[in-house]
Each structure stands twice: as C-alpha cells, then as structure tokens.
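Peer 1: Data: protein31.cif, mmCIF, C-alpha atoms and all ligand atoms.
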data_upload
loop_
_atom_site.label_atom_id
_atom_site.label_comp_id
_atom_site.auth_asym_id
_atom_site.auth_seq_id
_atom_site.Cartn_x
_atom_site.Cartn_y
_atom_site.Cartn_z
CA MET A 1 71.89 -159.59 89.80
CA GLY A 2 69.11 -159.49 87.26
CA VAL A 3 70.00 -156.10 85.79
CA GLY A 4 69.66 -157.39 82.24
CA VAL A 5 72.08 -157.39 79.31
CA LEU A 6 71.68 -153.70 78.38
CA LEU A 7 72.99 -152.56 81.76
CA ARG A 8 75.44 -155.38 82.38
CA TYR A 9 77.13 -155.31 78.97
CA GLY A 10 76.03 -151.90 77.69
CA GLN A 11 79.59 -150.79 76.93
CA TYR A 12 79.82 -153.54 74.27
CA LEU A 13 76.37 -152.87 72.79
CA PRO A 14 75.09 -150.24 70.33
CA MET A 15 73.62 -148.07 73.08
CA THR A 16 73.12 -144.32 73.08
CA ASP A 17 71.82 -142.01 75.82
CA ALA A 18 68.44 -142.24 74.11
CA THR A 19 68.23 -146.06 74.16
CA PRO A 20 65.57 -147.12 76.66
CA ARG A 21 67.06 -149.31 79.41
CA LEU A 22 64.58 -152.09 78.77
CA THR A 23 64.84 -155.35 80.72
CA LEU A 24 62.83 -158.32 81.92
CA GLY A 25 65.85 -159.69 83.80
CA GLU A 26 67.40 -161.55 80.86
CA GLY A 27 70.93 -162.98 80.92
CA GLU A 28 73.12 -164.18 83.80
CA THR A 29 71.89 -167.70 83.11
CA PRO A 30 73.43 -170.63 85.01
CA LEU A 31 76.49 -172.46 83.71
CA VAL A 32 76.04 -175.88 85.30
CA ARG A 33 78.72 -178.58 85.51
CA SER A 34 77.70 -181.97 84.14
CA LYS A 35 77.05 -184.69 86.71
CA PHE A 36 76.92 -187.67 84.38
CA LEU A 37 77.91 -187.08 80.77
CA GLU A 38 81.29 -185.52 81.62
CA ARG A 39 82.43 -188.78 83.22
CA ASP A 40 80.55 -191.04 80.81
CA LEU A 41 82.09 -189.38 77.73
CA GLY A 42 85.51 -188.85 79.32
CA ILE A 43 85.58 -185.06 79.01
CA LYS A 44 87.85 -182.97 81.23
CA GLU A 45 85.18 -180.37 81.96
CA LEU A 46 81.63 -180.25 80.60
CA TYR A 47 79.17 -177.44 81.29
CA PHE A 48 75.64 -176.64 80.21
CA LYS A 49 74.64 -173.00 79.61
CA LEU A 50 71.00 -172.97 80.67
CA GLU A 51 69.46 -170.41 78.34
CA GLY A 52 66.03 -171.81 79.15
CA CYS A 53 66.32 -169.84 82.41
CA ASN A 54 65.79 -166.55 80.55
CA PRO A 55 62.50 -164.68 81.20
CA THR A 56 60.62 -166.20 78.26
CA GLY A 57 62.48 -169.51 78.45
CA SER A 58 64.99 -169.14 75.62
CA PHE A 59 68.18 -167.34 74.53
CA LYS A 60 66.15 -165.10 72.22
CA ASP A 61 65.54 -162.65 75.08
CA ARG A 62 69.16 -161.45 74.93
CA GLY A 63 68.85 -160.31 71.34
CA ILE A 64 65.23 -159.23 71.39
CA VAL A 65 65.80 -156.85 74.30
CA VAL A 66 68.39 -154.95 72.24
CA ALA A 67 66.34 -155.04 69.02
CA VAL A 68 63.20 -153.79 70.78
CA ALA A 69 65.04 -151.06 72.69
CA LYS A 70 66.58 -149.82 69.43
CA ALA A 71 63.22 -149.99 67.62
CA LYS A 72 61.66 -147.91 70.41
CA GLU A 73 64.56 -145.46 70.25
CA ALA A 74 64.02 -145.12 66.49
CA GLY A 75 60.40 -144.15 67.12
CA HIS A 76 58.74 -147.31 65.79
CA HIS A 77 55.43 -148.43 67.27
CA THR A 78 55.29 -151.98 65.88
CA ILE A 79 57.74 -154.87 65.86
CA LEU A 80 57.45 -157.87 63.55
CA CYS A 81 59.04 -161.30 63.32
CA ALA A 82 58.71 -164.66 61.62
CA SER A 83 59.35 -167.47 64.03
CA THR A 84 59.46 -171.18 64.78
CA GLY A 85 58.18 -170.07 68.19
CA ASN A 86 60.83 -168.78 70.56
CA THR A 87 61.51 -165.52 68.75
CA SER A 88 57.77 -164.81 68.73
CA ALA A 89 57.49 -165.50 72.48
CA ALA A 90 60.39 -163.14 73.22
CA ALA A 91 59.22 -160.44 70.79
CA ALA A 92 55.72 -160.55 72.24
CA ALA A 93 57.03 -160.21 75.81
CA TYR A 94 59.49 -157.38 75.16
CA GLY A 95 57.03 -155.66 72.86
CA ALA A 96 54.52 -155.67 75.73
CA ALA A 97 57.16 -154.42 78.16
CA ALA A 98 58.10 -151.59 75.80
CA GLY A 99 54.48 -150.63 75.10
CA MET A 100 54.72 -151.59 71.43
CA HIS A 101 52.53 -153.61 69.09
CA CYS A 102 53.92 -156.99 68.11
CA VAL A 103 53.06 -159.01 65.00
CA VAL A 104 54.29 -162.58 64.62
CA LEU A 105 54.20 -164.82 61.56
CA VAL A 106 54.40 -168.52 62.44
CA PRO A 107 54.35 -171.65 60.28
CA LYS A 108 50.85 -173.04 60.75
CA GLY A 109 50.77 -176.27 62.77
CA ASN A 110 54.49 -176.35 63.43
CA VAL A 111 54.97 -174.29 66.57
CA ALA A 112 55.21 -175.93 69.99
CA MET A 113 52.27 -175.33 72.30
CA GLY A 114 54.19 -173.53 75.05
CA LYS A 115 55.53 -170.97 72.58
CA MET A 116 52.11 -170.31 71.03
CA SER A 117 50.64 -169.85 74.51
CA GLN A 118 53.27 -167.24 75.27
CA ALA A 119 52.62 -165.18 72.13
CA ILE A 120 48.89 -165.26 72.92
CA ALA A 121 49.37 -164.41 76.61
CA TYR A 122 51.63 -161.42 75.87
CA GLY A 123 49.05 -160.08 73.46
CA ALA A 124 50.81 -160.37 70.11
CA ARG A 125 48.91 -160.28 66.84
CA ILE A 126 49.51 -163.78 65.45
CA VAL A 127 49.24 -164.74 61.79
CA MET A 128 49.52 -168.43 60.94
CA ILE A 129 51.33 -168.73 57.62
CA ARG A 130 50.35 -171.65 55.42
CA GLY A 131 53.94 -172.51 54.68
CA ASN A 132 57.21 -173.11 56.49
CA PHE A 133 59.41 -170.75 58.51
CA ASP A 134 61.57 -169.79 55.54
CA ARG A 135 58.52 -168.55 53.63
CA ALA A 136 57.27 -166.67 56.70
CA LEU A 137 60.63 -164.93 57.03
CA GLU A 138 60.57 -163.88 53.36
CA VAL A 139 57.17 -162.30 53.91
CA ALA A 140 58.30 -160.59 57.12
CA ARG A 141 61.33 -159.09 55.38
CA GLY A 142 59.12 -157.81 52.58
CA LEU A 143 56.65 -156.24 55.01
CA ALA A 144 59.42 -154.51 56.96
CA ASP A 145 60.78 -153.06 53.69
CA GLU A 146 57.43 -151.59 52.68
CA TYR A 147 55.79 -150.59 55.96
CA PRO A 148 56.94 -148.65 59.04
CA ILE A 149 57.49 -151.79 61.08
CA SER A 150 60.68 -152.91 62.81
CA LEU A 151 61.82 -156.44 61.93
CA VAL A 152 63.31 -158.20 64.98
CA ASN A 153 64.49 -161.43 63.36
CA SER A 154 68.22 -162.07 63.57
CA VAL A 155 68.75 -160.35 60.20
CA ASN A 156 68.47 -157.34 62.51
CA GLN A 157 72.08 -156.89 63.70
CA HIS A 158 70.93 -155.68 67.12
CA ARG A 159 69.77 -159.26 67.74
CA ILE A 160 73.27 -160.62 67.11
CA GLU A 161 74.74 -157.91 69.33
CA GLY A 162 72.50 -158.87 72.24
CA GLN A 163 73.03 -162.60 71.86
CA LYS A 164 76.82 -162.29 71.90
CA THR A 165 76.52 -161.49 75.63
CA ALA A 166 76.10 -165.21 76.34
CA ALA A 167 79.67 -165.78 75.13
CA PHE A 168 80.82 -162.95 77.43
CA GLU A 169 79.10 -164.63 80.37
CA ILE A 170 80.77 -167.97 79.68
CA VAL A 171 84.23 -166.36 79.61
CA ASP A 172 83.43 -164.27 82.69
CA ALA A 173 82.33 -167.43 84.54
CA LEU A 174 85.18 -169.75 83.49
CA GLY A 175 87.93 -167.10 83.40
CA ASP A 176 88.68 -168.18 79.83
CA ALA A 177 86.87 -169.46 76.76
CA PRO A 178 86.13 -173.20 76.64
CA ASP A 179 87.99 -175.32 74.08
CA HIS A 180 84.78 -176.34 72.31
CA LEU A 181 81.34 -174.75 72.11
CA TYR A 182 78.46 -177.05 71.13
CA ILE A 183 75.41 -175.23 69.84
CA PRO A 184 72.26 -176.04 67.83
CA VAL A 185 71.88 -174.30 64.47
CA GLY A 186 68.62 -173.20 62.85
CA ASN A 187 68.56 -169.76 61.30
CA ALA A 188 72.24 -169.56 62.35
CA GLY A 189 72.02 -166.25 64.21
CA ASN A 190 73.14 -167.66 67.54
CA ILE A 191 76.33 -169.37 66.34
CA THR A 192 77.14 -166.08 64.60
CA ALA A 193 76.51 -164.15 67.81
CA TYR A 194 78.62 -166.43 70.02
CA TRP A 195 81.51 -166.22 67.58
CA ARG A 196 81.28 -162.43 67.60
CA GLY A 197 81.24 -162.47 71.42
CA PHE A 198 84.27 -164.74 71.76
CA THR A 199 86.33 -162.89 69.15
CA GLU A 200 85.49 -159.48 70.64
CA TYR A 201 86.52 -160.69 74.09
CA ARG A 202 89.71 -162.15 72.62
CA ALA A 203 90.52 -158.81 70.98
CA LEU A 204 90.03 -157.15 74.37
CA GLY A 205 92.39 -159.64 76.03
CA LYS A 206 89.64 -161.14 78.20
CA THR A 207 90.39 -164.59 76.81
CA GLU A 208 93.50 -165.86 75.07
CA HIS A 209 91.75 -168.21 72.71
CA ALA A 210 88.35 -168.71 71.18
CA PRO A 211 86.57 -172.07 71.12
CA ARG A 212 86.04 -174.37 68.19
CA MET A 213 82.45 -173.71 67.16
CA MET A 214 80.60 -177.01 66.85
CA GLY A 215 77.17 -176.37 65.29
CA TRP A 216 74.43 -178.98 64.91
CA GLU A 217 71.58 -179.17 62.46
CA ALA A 218 68.88 -181.84 62.35
CA GLU A 219 69.34 -184.34 59.52
CA GLY A 220 66.05 -183.33 57.86
CA ALA A 221 66.88 -179.61 58.05
CA ALA A 222 70.59 -179.39 57.32
CA PRO A 223 71.29 -176.77 54.66
CA ILE A 224 74.68 -175.66 56.01
CA ALA A 225 76.02 -179.15 56.72
CA THR A 226 75.02 -180.35 53.26
CA GLY A 227 75.71 -177.07 51.45
CA LYS A 228 72.24 -177.11 49.91
CA ARG A 229 69.04 -175.22 50.68
CA VAL A 230 66.27 -177.53 51.96
CA ASP A 231 62.84 -176.78 50.49
CA SER A 232 60.78 -178.88 52.92
CA PRO A 233 62.76 -179.09 56.16
CA ASN A 234 61.55 -181.60 58.72
CA THR A 235 62.58 -182.66 62.22
CA ILE A 236 61.07 -183.38 65.61
CA ALA A 237 63.01 -180.30 66.81
CA SER A 238 60.53 -177.76 65.41
CA ALA A 239 62.63 -174.79 66.59
CA ILE A 240 65.32 -175.63 64.03
CA ARG A 241 63.04 -176.76 61.19
CA ILE A 242 64.70 -174.23 58.87
CA GLY A 243 65.89 -174.83 55.32
CA ASN A 244 67.46 -171.53 54.25
CA PRO A 245 69.13 -169.85 57.22
CA ALA A 246 69.44 -166.05 57.18
CA SER A 247 72.92 -166.09 58.73
CA TRP A 248 74.24 -168.94 56.59
CA GLN A 249 77.49 -167.23 55.53
CA SER A 250 78.41 -165.85 58.93
CA ALA A 251 77.83 -169.31 60.43
CA GLU A 252 80.28 -170.75 57.89
CA ARG A 253 82.75 -168.04 58.85
CA ALA A 254 82.37 -168.92 62.55
CA ARG A 255 82.95 -172.57 61.69
CA ASP A 256 85.98 -171.94 59.46
CA GLU A 257 87.70 -169.23 61.50
CA SER A 258 87.37 -171.29 64.68
CA GLY A 259 88.44 -174.61 63.18
CA GLY A 260 85.04 -176.01 64.08
CA ASP A 261 82.35 -177.97 62.30
CA ILE A 262 78.67 -177.82 61.38
CA ALA A 263 77.21 -181.31 61.10
CA THR A 264 73.98 -183.24 61.60
CA VAL A 265 72.22 -185.45 64.11
CA SER A 266 69.17 -187.61 63.47
CA ASP A 267 65.86 -187.19 65.28
CA ASP A 268 66.57 -190.45 67.15
CA GLU A 269 69.90 -189.06 68.35
CA ILE A 270 68.19 -185.82 69.41
CA VAL A 271 65.57 -187.74 71.39
CA GLU A 272 68.22 -189.92 73.04
CA ALA A 273 70.13 -186.83 74.24
CA TYR A 274 66.89 -185.08 75.26
CA ARG A 275 65.86 -187.99 77.49
CA LEU A 276 69.32 -188.47 78.91
CA LEU A 277 69.67 -184.81 79.85
CA ALA A 278 66.42 -184.96 81.79
CA ARG A 279 66.95 -188.34 83.42
CA ARG A 280 70.70 -188.30 84.15
CA GLU A 281 71.47 -184.60 84.47
CA GLY A 282 68.14 -183.28 85.76
CA ILE A 283 67.97 -180.75 82.91
CA PHE A 284 64.79 -180.46 80.85
CA CYS A 285 65.50 -178.62 77.60
CA GLU A 286 63.65 -178.59 74.32
CA PRO A 287 64.57 -181.02 71.51
CA ALA A 288 66.39 -178.37 69.44
CA SER A 289 68.66 -177.65 72.40
CA ALA A 290 69.39 -181.35 72.90
CA ALA A 291 70.67 -181.50 69.31
CA CYS A 292 74.03 -180.09 70.40
CA VAL A 293 74.40 -182.68 73.17
CA ALA A 294 73.48 -185.37 70.63
CA GLY A 295 76.29 -183.95 68.50
CA LEU A 296 78.73 -184.12 71.39
CA MET A 297 77.82 -187.75 72.08
CA LYS A 298 78.21 -188.52 68.37
CA ASN A 299 81.62 -186.84 68.14
CA VAL A 300 82.94 -188.79 71.14
CA ARG A 301 81.54 -192.07 69.83
CA GLN A 302 83.33 -191.36 66.55
CA GLY A 303 86.61 -190.96 68.41
CA LEU A 304 86.98 -187.27 69.26
CA ASP A 305 89.27 -187.16 72.29
CA LEU A 306 88.11 -184.53 74.80
CA ARG A 307 90.04 -185.80 77.84
CA GLN A 308 92.07 -182.58 77.94
CA SER A 309 89.26 -180.27 76.82
CA SER A 310 86.68 -177.99 78.35
CA VAL A 311 83.33 -178.06 76.61
CA VAL A 312 80.21 -175.91 76.90
CA CYS A 313 76.86 -177.02 75.46
CA VAL A 314 74.37 -174.22 74.86
CA LEU A 315 70.93 -175.45 75.96
CA THR A 316 68.95 -172.82 74.11
CA GLY A 317 65.37 -173.39 75.32
CA ASN A 318 63.33 -174.72 78.23
CA GLY A 319 61.72 -178.18 77.98
CA LEU A 320 58.36 -176.78 79.05
CA LYS A 321 58.13 -175.02 75.70
CA ASP A 322 57.21 -178.27 73.99
CA PRO A 323 55.30 -180.51 76.42
CA ASP A 324 53.70 -182.59 73.67
CA ILE A 325 57.07 -184.06 72.74
CA VAL A 326 57.46 -185.67 76.16
CA TYR A 327 54.35 -187.76 75.57
CA GLN A 328 55.46 -188.57 72.03
CA VAL A 329 58.86 -189.94 73.03
CA THR A 330 58.15 -191.66 76.34
CA ASN A 331 55.50 -194.20 77.21
CA THR A 332 55.47 -193.85 80.95
CA PRO A 333 52.13 -195.28 82.10
CA LEU A 334 50.22 -192.91 84.36
CA GLU A 335 49.06 -195.07 87.22
CA GLU A 336 45.96 -194.55 89.31
CA ALA A 337 44.87 -195.48 92.80
CA THR A 338 42.13 -194.75 95.31
CA PRO A 339 43.25 -192.23 97.96
CA ASP A 340 44.37 -194.63 100.66
CA LEU A 341 47.76 -195.77 101.86
CA GLU A 342 47.32 -199.50 101.20
CA ALA A 343 46.12 -198.93 97.63
CA VAL A 344 49.03 -196.66 96.71
CA ALA A 345 51.54 -198.97 98.40
CA LYS A 346 50.12 -201.83 96.34
CA VAL A 347 50.41 -199.92 93.06
CA LEU A 348 54.03 -199.15 93.95
CA ASN A 349 54.76 -202.75 94.96
CA LEU A 350 56.12 -201.50 98.27
CA GLU A 351 57.20 -203.94 100.94
CA ARG A 352 57.50 -202.88 104.55
CA ALA A 353 61.14 -202.76 105.64
CA GLY A 354 61.89 -205.63 108.05
CA SER A 355 58.20 -206.06 108.83
CA ALA A 356 59.10 -209.05 111.06
CA LYS A 357 61.50 -206.96 113.19
CA ARG A 358 59.26 -203.95 113.68
C1 LIG B 1 65.44 -173.51 71.25
O1 LIG B 1 62.32 -168.77 67.29
O2 LIG B 1 64.47 -169.53 64.73
O3 LIG B 1 70.43 -170.79 64.76
O4 LIG B 1 62.11 -168.34 65.17
O5 LIG B 1 64.32 -171.76 69.33
O6 LIG B 1 69.99 -168.68 66.02
O7 LIG B 1 68.20 -169.74 64.67
C2 LIG B 1 64.52 -170.38 66.92
C3 LIG B 1 65.72 -171.01 66.87
C4 LIG B 1 68.07 -173.20 68.71
C5 LIG B 1 68.38 -172.02 66.60
N1 LIG B 1 67.38 -173.55 69.81
O8 LIG B 1 69.00 -170.77 66.75
C6 LIG B 1 62.72 -168.84 66.13
C7 LIG B 1 63.97 -169.60 65.85
C8 LIG B 1 66.14 -173.07 70.02
C9 LIG B 1 65.55 -172.20 69.08
C10 LIG B 1 67.55 -172.36 67.76
C11 LIG B 1 66.26 -171.86 67.92
P1 LIG B 1 69.44 -169.93 65.48
#
Take the structure in this file and express it as structure tokens.
Ligand code: AN7
Peer 2:
Amino acid sequence: MGVGVLLRYGQYLPMTDATPRLTLGEGETPLVRSKFLERDLGIKELYFKLEGCNPTGSFKDRGIVVAVAKAKEAGHHTILCASTGNTSAAAAAYGAAAGMHCVVLVPKGNVAMGKMSQAIAYGARIVMIRGNFDRALEVARGLADEYPISLVNSVNQHRIEGQKTAAFEIVDALGDAPDHLYIPVGNAGNITAYWRGFTEYRALGKTEHAPRMMGWEAEGAAPIATGKRVDSPNTIASAIRIGNPASWQSAERARDESGGDIATVSDDEIVEAYRLLARREGIFCEPASAACVAGLMKNVRQGLDLRQSSVVCVLTGNGLKDPDIVYQVTNTPLEEATPDLEAVAKVLNLERAGSAKR
C-alpha cells in the first residue's frame, strides 16, 4: 500500500534505471460504490473514483510524479507549468519532494483558494498572469522552448503516461473495464490518459472491452463539444475554465474510438450534482469533478438506459480545494448560542423524548 504509481505500475511507464523512484504516496485511490444515485438513476453498478484522495487532493499527482521524475533524470533543476490550480499544487509538491525549483503561471483571480494555498505552502514561485489559462499555457510553452526549464503540463507525454494508471486501477479493482466512464474535460489530458490506459490493458488481455468515454465540459467553456475554440471561457468550475485544450485531438479520438461522447452541462447542473454528491453520497468533490456526475444525471434524464451497465465517475479533485464555492451555492445559516444546554436545545428546537414518562 502507498508505494506510488512509479513502483506499482513501473513496468507500463517510461522508466529507466536512472529514473528516481519519486513518490508522495499517490494512486491507489478508493473506488466507492454509490449509495443513492445508483438506485435513483436505475444504474446496474455505479462507482466513484475518488481522485481527491491523492496527496495534493487531485488526479494530477499521478502524472506529475512521472513528469518530475523524468525531468530530474534529464538533469533539469526547474519545472514549470500553467495551471487552473491543481496542476500547480501538484507540481509545487513534487518539485519540493524532488529538490527542484517550481514556477507556476496562474490566471489572476481565477484560481480556487485551496489550490493557491498549496502552491504557496510548497514554496513555488507563483506568477499571476493577467489573462486566462489558455494564454498562460502559451507563455509556459514558449518559456520551456527557450530556457532550460521542464514543462510539466499535460503536453508533456510523461503526464499522460502517469495518469493512465487510474484506468489500470479501475480494471484491477473491478476485474474488467466498466461499460461507461464519466469524466470532466478541461485541457483534455485526463480523458486522453484514461483511454490510453484502457486500450493498453485491453491489448494486454487484462480487460476484454474498453468503456465508452463520456467527457463533460461546462457550457461556458466547451470548445470540444461545440467544435470551436472559446476565447473567453467561463464557468463556476474554475478548474475546467479552458477554451483551447492542448489535448483536443486525442480527446476526440478517445471519444470516437470508444463510441462515447463529449457534451456540456450548465453551471446550475454542476452545482446540483455537487450538492447532491455531498448530501446524499457523503462525497465532497470540487465543482469541476461534479460536472461528470451532472452529465450522468443529464444522460439518464434524456433516456439513456443504464440498467444493464456498470459506470465509473471520475471525481478528479477534493471539495476542500474550493471552499468559497460552498458559501456561494448554499445559504445555510450559521446559528449561534450561549454555551449552555438549554440555549442550544432551544436553538435546535429539541423536545425531550417522553418527558411525561421519564
Ligand atoms: C479537478 O490544474 O487544467 O481535461 O491546470 O483540476 O485533464 O485538463 C486542471 C484540470 C478536471 C480537467 N478536474 O482535466 C490545471 C487543470 C479537475 C481539474 C480537470 C482539471 P484535464
């Protein structure tokens, strides 16, 4: 347990004897059976892959650990990324663990507080870009071309290699691939990675089939679903506020080769799924992650019959990443009382059970 993806799946990764065996204990995340939605939506089997349980709270750790180990092996001293937040948190952590400098470019004002706190805590050099993620990524790519810095965005194929291990884990846990995989799509690296993982395992005979890849973009940031680059992407799910995804074509290939779909959900649908996951399943993920569950709910409402199907939803990031959103989307009053039993009982409208009998 907790050996990390380089040791656990090293035989399927681009490792050499010289690759440092870096780990913070990433991977082996829980695959949890649904308690509510499975029955409510009439699905044969529904599971959630809890990628928020990774060391920095998102799936990015799986890919970053490989990218950073390879950068270290190549003799680089500095890693660089552009990020909507989770990549920067992971890069900062693994950079620190590897004894490397880490530079992150983030869209100013559009990164969730938890993610910013992580980059600061792990000691990354942070540059706020006055522009969106897509612009920040263009700059990062340019810098990596001209300076001796290792780019660890998912344009780095080592990232995709590491992230495919999540597909391996799902097959290893279920004994077969699910029929459908629901996954949020931003820069489209993760859907690309899962498809690579499932098809590699299929080629090895570890699963007979591969799932339909069901990718979900937010309505205001839906370049792949609409077939058109979005110049000013916008959504409550800041992690996937991306208008020109780097892995656009490989995401389309994953969709087409698997007989899947890449479609959109609205911010209202994302928030509905986000609240429901927390309140009915006991799972607190970030809004971007909830987008794929919103997509599942939408598909079933529109008539998709999953009564004979197994489904896995990839919950990509931990809800604690974006605490501000909770206050934005719920208006739970925070009640107060003096510290005595009667006062608290009164606030709670408690009545003593059978007070006459006792
Ligand atoms: C929680 O951190 O792009 O389609 O810079 O943080 O592989 O981009 C994050 C993306 C889904 C989308 N869920 O994955 C970044 C970044 C969460 C995310 C996605 C992201 P990709």
Peer 1: Please return, as a compact mmCIF listing (two decimals) with C-alpha atoms, in the frame of the given file, all polymer residues that have at least one atom within 12 Å of the point (73.3, -152.2, 73.2); use all atoms listed in the file and the file's own coordinate frame.
Peer 2:
# COMPACT_ATOMS: atom_id res chain seq x y z
CA GLY A 4 69.66 -157.39 82.24
CA VAL A 5 72.08 -157.39 79.31
CA LEU A 6 71.68 -153.70 78.38
CA LEU A 7 72.99 -152.56 81.76
CA ARG A 8 75.44 -155.38 82.38
CA TYR A 9 77.13 -155.31 78.97
CA GLY A 10 76.03 -151.90 77.69
CA GLN A 11 79.59 -150.79 76.93
CA TYR A 12 79.82 -153.54 74.27
CA LEU A 13 76.37 -152.87 72.79
CA PRO A 14 75.09 -150.24 70.33
CA MET A 15 73.62 -148.07 73.08
CA THR A 16 73.12 -144.32 73.08
CA ASP A 17 71.82 -142.01 75.82
CA ALA A 18 68.44 -142.24 74.11
CA THR A 19 68.23 -146.06 74.16
CA PRO A 20 65.57 -147.12 76.66
CA ARG A 21 67.06 -149.31 79.41
CA LEU A 22 64.58 -152.09 78.77
CA THR A 23 64.84 -155.35 80.72
CA ARG A 62 69.16 -161.45 74.93
CA GLY A 63 68.85 -160.31 71.34
CA ILE A 64 65.23 -159.23 71.39
CA VAL A 65 65.80 -156.85 74.30
CA VAL A 66 68.39 -154.95 72.24
CA ALA A 67 66.34 -155.04 69.02
CA VAL A 68 63.20 -153.79 70.78
CA ALA A 69 65.04 -151.06 72.69
CA LYS A 70 66.58 -149.82 69.43
CA ALA A 71 63.22 -149.99 67.62
CA GLU A 73 64.56 -145.46 70.25
CA GLN A 157 72.08 -156.89 63.70
CA HIS A 158 70.93 -155.68 67.12
CA ARG A 159 69.77 -159.26 67.74
CA ILE A 160 73.27 -160.62 67.11
CA GLU A 161 74.74 -157.91 69.33
CA GLY A 162 72.50 -158.87 72.24
CA GLN A 163 73.03 -162.60 71.86
CA LYS A 164 76.82 -162.29 71.90
CA THR A 165 76.52 -161.49 75.63
Peer 1: Counting all atoms listed in the file, give me one row per residue of chain A with an atom at most 6 Å from an atom of ligand LIG 1 (chain B), showing the shortest contact pair and its distance in Å to one decimal, sorted by chain then residue number, as CSV.
Peer 2:
residue,atom,partner,partner_atom,distance
A:Ser83,CA,B:LIG1,O4,3.1
A:Thr84,CA,B:LIG1,O4,3.9
A:Gly85,CA,B:LIG1,O1,4.4
A:Asn86,CA,B:LIG1,O1,3.6
A:Thr87,CA,B:LIG1,O1,3.7
A:Pro184,CA,B:LIG1,C4,5.1
A:Val185,CA,B:LIG1,O3,3.8
A:Gly186,CA,B:LIG1,O3,3.6
A:Asn187,CA,B:LIG1,O7,3.4
A:Ala188,CA,B:LIG1,O3,3.3
A:Gly189,CA,B:LIG1,O6,3.6
A:Asn190,CA,B:LIG1,O6,3.6
A:Ala239,CA,B:LIG1,O5,4.4
A:Ile240,CA,B:LIG1,C5,5.4
A:Ala288,CA,B:LIG1,N1,4.9
A:Ser289,CA,B:LIG1,N1,5.0
A:Thr316,CA,B:LIG1,C1,4.6
A:Gly317,CA,B:LIG1,C1,4.1
Peer 1: Measuring atom to atom with all atoms listed in the file, identify which of A:Ser117, A:Asn110, A:Thr199, A:Gln308 is nearest to A:Arg130.
Peer 2: A:Asn110
Peer 1: Quick one: residues within 9 Å of A:Val155, all atoms listed in the file, excluding same-chain residues fewer than 6 positions away - as a list in words?
Peer 2: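 Listed by chain and then number, they are Arg141, Gly189, Ala246 and Ser247 of chain A.
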Peer 1: Which polymer residues, protein or nucleic acid, are no farther than 8 Å from (70.5, -180.0, 64.9), counting all atoms listed in the file, as a list in words?
Peer 2: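 Taken together, the residues in range are Pro184, Val185, Gly186, Gly215, Trp216, Glu217, Ala218, Glu219, Ala221, Ala222, Ala237, Ile240, Ala263, Thr264, Val265, Ser266, Ile270, Ala288, Ala291, Cys292 and Gly295 of chain A.
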